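Below is one structure, written out as structure tokens; the observations come after it.
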Amino acid sequence: MAAITMRGITKRYPDGTEAVSNVDLDIADGEFVILVGPSGCGKSTLLRMIVGLEDISEGEMRIGDELVNDRAPKDRDLAMVFQNYALYPHLSVRENMAFPLRLAKVPDAEITQRVEEAAAVLELTENLDRKPANLSGGQRQRVAMGRAIVRDPKAFLFDEPLSNLDANLRVQMRTEIARIQKKYGTTTVYVTHDQTEAMTLADRVAVLRKGVVQQVDSPRNLYNSPVNLFVAGFIGSPSMNLVPGRLTGTSLALPFGTMELPSDVASRLGTEQAGERQVIVGIRPEHFEDSALVSDGDRSSGLVFPIRIDNIEWLGSELFAYLPYKGGEAIGQQLGKLAGDLDMEQSSGDESSIVARLDPTSQVQEGKEAEIWLDARRIHLFDPETGEALARPPRADQAGGAQPGAVRLD
Amino acid sequence: MTAATIGAEQLGARTEPSQGKTTKGASRQSGSGAIWKIGTAVIVLYALFPVLWIASLSLKPAADVGDGKLIPANPTLENYQDIFTSGEFVRPLINSIGISLITTLIAVVVAAFAAYAIARLDFPGKTLLLSGALAIAMFPPVSIIGPLFNIWRATGLYDTWPGLILPYMTFALPLAIWTLAAFFREIPWDLEQAAQVDGATPYQAFRKVILPLALPGVFASAIIVFIFCWNDFLFAISLTSTEAARTVPAATAFFTASSNFINPTGQIAAAAIVVTVPIIIMVLIFQRRIVAGLTAGAVKG
């Protein structure tokens with residue numbers, strides 16, 4: 001086990017394009033860090049640079065205290081689980097898992113013991129003598145993990161390990177990975193494009209966009225205090241509603257009403273950022289509510305506005321309401337770029353729509369007007385030019401290793 | 001002749017799946033099923049009839065060779081006895097087996113390394129190497145046989161085993177490299193990277209992971225090379241003069257009958273049947289190894 005330290009890691013291709021730009025990242029010993037981002041953001045490239053399958057164009061990569069930039073993968077003592085598992089089809093499950101130990105010239109008796117221990121942990125004991133071709137997807141995934149854990153490596157690296165599994169199995173294997181990582185306490189770097197995996201598994205998540213690290217933080221802080229529009233839009237499902245707003249002093253005009261900024265937001269905003277200006281307002285779906293269900297005390301700390309309900313999705317435990325509003329085109333250009341990055345669909349025309357997650361007991365009806373309450377204390381403000389968060393809510397723990405996202409959204 | 005036999009066998013094997021398909025969807029394509037069967041029968045007959053005729057000739061006594069009947073009137077094994085006792089066949093048979101096996105072994109080993117490099121690495125001159133190899137494979141051997149004869153006489157390679165192994169390698173290697181490179185390209189690169197991460201040196205990754213997976217390709221190219229050497233007549237007749245290195249195809253041309261006034265047709269036919277047998281055996285043995293889907297289960301999707 002060891003810490004992994006990256007300083008100014010850059011991957012530049014001969015044609016000059018940068019897949020990964022100047023990444024500084026400290027992964028502590030035993031920590032579970034997830035690299036997340038839309039496809040093509042460089043997260044897999046970064047992982048492959050850690051393991052040594054890609055050359056590092058610039059920067060320093062340290063595992064423990066050793067500089068490993070020029071070391072072959074076999075000398076880095078890391079274990080990797082590939083997206084397609086990369087099991088050796090000509091070897092039995094037992095031999096697949098024993099393969100790294102045989103290469104390391106571990107005595108036979110110890111190989112048998114370690115393979116059987118790992119097989120017991122992964123519930124593979126009955127399948128030890130089968131070939132990978134005769135295993136189910138979940139079992140192959142377990143074998144790939146078994147091959148990683150028998151070695152007791154310095155770190156586990158996972159490259160989208162669950163993306164080939166069906167939804168049920170994915171949830172199951174996710175808990176499995178969490179359990180195994182806790183059991184062995186091994187430093188783990190995990191790449192995924194699935195933010196649910198990132199949020200549920202990680203100690204810390206690094207969000208990447210076009211090869212640049214946007215924010216490294218605990219899942220909770222990423223969710224509650226995103227540094228910019230990209231992180232705000234990427235983390236959370238359904239994603240954060242982004243609507244245009246106009247700030248005048250401490251009063252914020254939204255397309256569906258005007259409200260006073262809560263005092264803490266106003267004070268964080270400070271004087272230099274105040275004044276009359278255009279902003280992008282981010283509101284998570286769960287920070288809306290049917291105003292009939294909100295207590296009087298809460299109602300006063302938010303904005304209550306009438307709006308027509310376009311569509312309702314009732315899921316039993318939750319209810320999503322789609323609320324159309326006019327005036328969204330003011331920030332269309334900025335959001336268009338974001339949507340392109342996130343592979344999101346973008347509403348066209350002059351009517352945009354917000355998603356509200358309401359209490360399932362709400363009596364709101366499709367096609368009718370309803371009074372909706374918005375929790376003003378939970379809004380996020382972003383600069384429409386740079387995309388950076390204004391007056392960021394305080395992070396839950398200031399001790400974490402967050403890095404300022406010096407990123408412009410252009 | 002031997003090539004025709006293999007062709008027919010492969011054809012038979014290839015038509016099986018489609019026949020299976022037609023039985024499944026018989027209601028929809030009952031007509032095409034019948035056409036397939038008739039077509040297959042015609043081609044198999046066309047390919048195998050000459051073989052049958054040669055087999056028939058080999059069983060006829062010298063007097064009956066010209067009788068034009070498919071089924072020998074007085075079947076006899078006399079021709080086979082003749083060729084194995086006269087000595088003008090046994091020694092060439094040993095030469096043929098030895099030269100073909102040695103060539104196959106060397107060519108496949110060298111080609112495996114070359115093909116791996118071609119499939120995996122980007123090095124300057126890769127295209128040149130590949131097209132050069134192809135050009136050599138297509139080069140008409142007859143145009144170099146004259147100079148080669150002189151060089152071989154001068155260097156002492158004439159009428160020796162290496163004297164045949166060398167030109168055979170020249171023409172067999174490109175074939176083997178192309179076949180093997182195709183197989184290596186189909187092996188997922190992830191497997192090799194997984195092996196490297198697991199602690200293997202590039203050579204260990206090649207020997208323990210890639211090579212076992214490429215075995216079907218290795219056997220396929222081994223068969224191609226072996227058949228090429230086994231069937232060659234041009235080099236064998238031009239670069240040998242005695243039984244020291246003369247192979248079967250060349251030796252049959254020098255067969256003598258019991259009398260100078262009779263053609264040794266029966267003996268030649270018997271020799272042809274005997275040299276076909278090793279090829280059939282080889283294909284049957286390796287056919288089991290050339291199974292598709294050996295890599296199934298390595299990676300998903």
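Chain identifiers are assigned as A, B, and so on, following the order in which chains appear in the structure tokens; residues are numbered from 1 within each chain, and ligands are numbered from 1 in order of appearance.
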Using only C-alpha atoms, which residues sit within 7 Å of stretch 70-85 of chain A once same-chain residues fewer than 6 positions away are excluded, as a PDB file with N, CA and C atoms, in the first residue's frame?
ATOM      1  N   VAL A  51      -0.580   3.506 -14.060  1.00  0.00           N
ATOM      2  CA  VAL A  51      -0.165   2.106 -14.098  1.00  0.00           C
ATOM      3  C   VAL A  51       1.027   1.891 -15.036  1.00  0.00           C
ATOM      4  N   GLY A  52       1.261   2.862 -15.920  1.00  0.00           N
ATOM      5  CA  GLY A  52       2.444   2.763 -16.767  1.00  0.00           C
ATOM      6  C   GLY A  52       2.179   2.284 -18.177  1.00  0.00           C
ATOM      7  N   LEU A  53       0.918   2.195 -18.560  1.00  0.00           N
ATOM      8  CA  LEU A  53       0.610   1.756 -19.923  1.00  0.00           C
ATOM      9  C   LEU A  53       0.636   2.924 -20.905  1.00  0.00           C
ATOM     10  N   ARG A 140     -16.882 -13.178 -14.029  1.00  0.00           N
ATOM     11  CA  ARG A 140     -15.637 -12.746 -14.687  1.00  0.00           C
ATOM     12  C   ARG A 140     -15.083 -11.514 -13.987  1.00  0.00           C
ATOM     13  N   GLN A 141     -16.010 -10.621 -13.633  1.00  0.00           N
ATOM     14  CA  GLN A 141     -15.617  -9.421 -12.921  1.00  0.00           C
ATOM     15  C   GLN A 141     -14.925  -9.783 -11.605  1.00  0.00           C
ATOM     16  N   ALA A 144     -11.437 -11.048 -12.241  1.00  0.00           N
ATOM     17  CA  ALA A 144     -10.521  -9.937 -12.516  1.00  0.00           C
ATOM     18  C   ALA A 144     -10.113  -9.263 -11.204  1.00  0.00           C
ATOM     19  N   MET A 145     -11.057  -9.138 -10.289  1.00  0.00           N
ATOM     20  CA  MET A 145     -10.723  -8.545  -9.002  1.00  0.00           C
ATOM     21  C   MET A 145      -9.848  -9.490  -8.186  1.00  0.00           C
ATOM     22  N   ALA A 148      -6.398  -9.185  -8.968  1.00  0.00           N
ATOM     23  CA  ALA A 148      -5.788  -7.988  -8.385  1.00  0.00           C
ATOM     24  C   ALA A 148      -5.471  -8.184  -6.905  1.00  0.00           C
ATOM     25  N   PRO A 153      -1.117  -5.658  -3.841  1.00  0.00           N
ATOM     26  CA  PRO A 153      -0.326  -4.626  -4.531  1.00  0.00           C
ATOM     27  C   PRO A 153      -0.338  -3.312  -3.768  1.00  0.00           C
ATOM     28  N   LYS A 154       0.424  -2.352  -4.261  1.00  0.00           N
ATOM     29  CA  LYS A 154       0.463  -1.039  -3.616  1.00  0.00           C
ATOM     30  C   LYS A 154      -0.845  -0.304  -3.812  1.00  0.00           C
ATOM     31  N   ALA A 155      -1.508  -0.544  -4.953  1.00  0.00           N
ATOM     32  CA  ALA A 155      -2.797   0.113  -5.189  1.00  0.00           C
ATOM     33  C   ALA A 155      -3.608  -0.702  -6.179  1.00  0.00           C
ATOM     34  N   PHE A 156      -4.924  -0.596  -6.054  1.00  0.00           N
ATOM     35  CA  PHE A 156      -5.831  -1.160  -7.057  1.00  0.00           C
ATOM     36  C   PHE A 156      -6.214  -0.052  -8.022  1.00  0.00           C
ATOM     37  N   LEU A 157      -6.223  -0.381  -9.305  1.00  0.00           N
ATOM     38  CA  LEU A 157      -6.714   0.573 -10.291  1.00  0.00           C
ATOM     39  C   LEU A 157      -7.879  -0.072 -11.031  1.00  0.00           C
ATOM     40  N   PHE A 158      -8.972   0.615 -11.108  1.00  0.00           N
ATOM     41  CA  PHE A 158     -10.141   0.089 -11.806  1.00  0.00           C
ATOM     42  C   PHE A 158     -10.452   0.988 -12.998  1.00  0.00           C
ATOM     43  N   ASP A 159     -10.603   0.399 -14.167  1.00  0.00           N
ATOM     44  CA  ASP A 159     -10.970   1.186 -15.342  1.00  0.00           C
ATOM     45  C   ASP A 159     -12.400   0.821 -15.742  1.00  0.00           C
ATOM     46  N   GLU A 160     -13.351   1.620 -15.347  1.00  0.00           N
ATOM     47  CA  GLU A 160     -14.765   1.389 -15.627  1.00  0.00           C
ATOM     48  C   GLU A 160     -15.145  -0.079 -15.453  1.00  0.00           C
ATOM     49  N   PRO A 161     -14.949  -0.619 -14.274  1.00  0.00           N
ATOM     50  CA  PRO A 161     -15.093  -2.067 -14.121  1.00  0.00           C
ATOM     51  C   PRO A 161     -16.525  -2.557 -14.237  1.00  0.00           C
TER      52      PRO A 161
ATOM     53  N   GLN B 196       1.303  -7.431 -18.483  1.00  0.00           N
ATOM     54  CA  GLN B 196       2.392  -6.532 -18.083  1.00  0.00           C
ATOM     55  C   GLN B 196       2.150  -5.952 -16.704  1.00  0.00           C
ATOM     56  N   VAL B 197       0.896  -5.560 -16.454  1.00  0.00           N
ATOM     57  CA  VAL B 197       0.567  -5.020 -15.133  1.00  0.00           C
ATOM     58  C   VAL B 197       0.726  -6.117 -14.074  1.00  0.00           C
ATOM     59  N   ASP B 198       0.414  -7.354 -14.460  1.00  0.00           N
ATOM     60  CA  ASP B 198       0.550  -8.472 -13.528  1.00  0.00           C
ATOM     61  C   ASP B 198       2.008  -8.832 -13.261  1.00  0.00           C
ATOM     62  N   GLY B 199       2.926  -8.166 -13.935  1.00  0.00           N
ATOM     63  CA  GLY B 199       4.331  -8.382 -13.635  1.00  0.00           C
ATOM     64  C   GLY B 199       5.116  -9.115 -14.700  1.00  0.00           C
ATOM     65  N   ALA B 200       4.564  -9.225 -15.893  1.00  0.00           N
ATOM     66  CA  ALA B 200       5.261  -9.960 -16.944  1.00  0.00           C
ATOM     67  C   ALA B 200       6.159  -9.023 -17.747  1.00  0.00           C
ATOM     68  N   THR B 201       7.312  -9.533 -18.147  1.00  0.00           N
ATOM     69  CA  THR B 201       8.129  -8.812 -19.107  1.00  0.00           C
ATOM     70  C   THR B 201       7.453  -8.969 -20.466  1.00  0.00           C
ATOM     71  N   VAL B 299     -12.664 -11.330 -23.221  1.00  0.00           N
ATOM     72  CA  VAL B 299     -13.191 -10.003 -22.992  1.00  0.00           C
ATOM     73  C   VAL B 299     -14.637 -10.029 -23.388  1.00  0.00           C
ATOM     74  N   LYS B 300     -15.404  -9.206 -22.794  1.00  0.00           N
ATOM     75  CA  LYS B 300     -16.824  -9.231 -23.101  1.00  0.00           C
ATOM     76  C   LYS B 300     -17.108  -8.382 -24.330  1.00  0.00           C
TER      77      LYS B 300
END
Out of stretch 1-233 of chain B, which residues get helix (DSSP H, G or I) from DSSP, as JSON, numbers by chain?
{"B": [2, 3, 4, 5, 6, 7, 8, 9, 10, 11, 12, 13, 14, 15, 16, 17, 18, 19, 20, 21, 22, 23, 24, 30, 31, 32, 33, 34, 35, 36, 37, 38, 39, 40, 41, 42, 43, 44, 45, 46, 47, 48, 49, 50, 51, 52, 53, 54, 55, 56, 57, 58, 62, 63, 64, 65, 66, 67, 78, 79, 80, 81, 82, 83, 84, 85, 86, 90, 91, 92, 93, 94, 95, 96, 97, 98, 99, 100, 101, 102, 103, 104, 105, 106, 107, 108, 109, 110, 111, 112, 113, 114, 115, 116, 117, 118, 119, 120, 126, 127, 128, 129, 130, 131, 132, 133, 134, 135, 136, 137, 138, 141, 142, 143, 145, 146, 147, 148, 149, 150, 151, 152, 153, 154, 155, 161, 162, 163, 164, 165, 166, 167, 168, 169, 170, 171, 172, 173, 174, 175, 176, 177, 178, 179, 180, 181, 182, 183, 184, 185, 186, 189, 190, 191, 192, 193, 194, 195, 196, 197, 202, 203, 204, 205, 206, 207, 208, 209, 210, 211, 212, 213, 214, 215, 216, 217, 218, 219, 220, 221, 222, 223, 224, 225, 226, 227, 228, 229, 230, 231]}
Would you mind listing what lies within 10 Å of B:Asp64 as a VMD selection string, with only C-alpha atoms counted and same-chain residues fewer than 3 positions away left out?
chain B and resid 57 59 to 61 67 to 69 72 to 75 266
Do a neighbour search on stretch 171-186 of chain B at 7 Å with only C-alpha atoms, toss out local chain neighbours closer than 3 positions, and write the hits as a list of chain:residue names.
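Counting only C-alpha atoms, the residues come to B:Ala107, B:Val108, B:Ala111, B:Ala112, B:Ala114, B:Ala115, B:Tyr116, B:Ile118, B:Ala119, B:Ala133, B:Leu134, B:Ile136, B:Ala137, B:Pro167, B:Tyr168, B:Ala214, B:Gly217, B:Val218, B:Ser221, B:Val225.
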Closest to chain B among A:Tyr184, A:Phe230, A:Phe288, A:Tyr88, using only C-alpha atoms?
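Among the listed residues, A:Tyr88 lies closest to chain B.
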Near-stretch 33-42 of chain A list (6 Å; only C-alpha atoms; drop same-chain fewer than 2 positions) as a PyMOL selection string:
chain A and resi 19-20+44-45+189-193+198+202-211+342
Dump C-alpha atoms for the selected residues as a tab-separated table (two decimals), in the first residue's frame?
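Written file, result38.tsv:
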chain	number	residue	atom	x	y	z
A	19	ALA	CA	-5.49	14.48	-23.25
A	20	VAL	CA	-4.50	15.32	-19.70
A	44	SER	CA	-8.77	6.63	-18.45
A	45	THR	CA	-5.58	8.12	-19.87
A	189	VAL	CA	-8.08	4.69	-8.02
A	190	TYR	CA	-11.27	4.06	-9.91
A	191	VAL	CA	-12.35	5.49	-13.25
A	192	THR	CA	-16.00	5.80	-14.19
A	193	HIS	CA	-18.35	8.01	-16.14
A	198	ALA	CA	-18.53	7.93	-7.93
A	202	ALA	CA	-15.45	7.25	-3.20
A	203	ASP	CA	-13.73	8.90	-0.29
A	204	ARG	CA	-12.92	11.67	-2.70
A	205	VAL	CA	-13.96	12.31	-6.28
A	206	ALA	CA	-11.91	14.10	-8.91
A	207	VAL	CA	-14.07	15.60	-11.65
A	208	LEU	CA	-12.27	15.95	-14.97
A	209	ARG	CA	-13.22	17.93	-18.01
A	210	LYS	CA	-11.15	17.95	-21.19
A	211	GLY	CA	-8.11	16.68	-19.31
A	342	LEU	CA	-22.06	16.57	-20.62
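With distances restricted to only C-alpha atoms, B:Ala194 is the closest residue to chain A from B:Leu130, B:Leu52, B:Ala251, B:Ala194.
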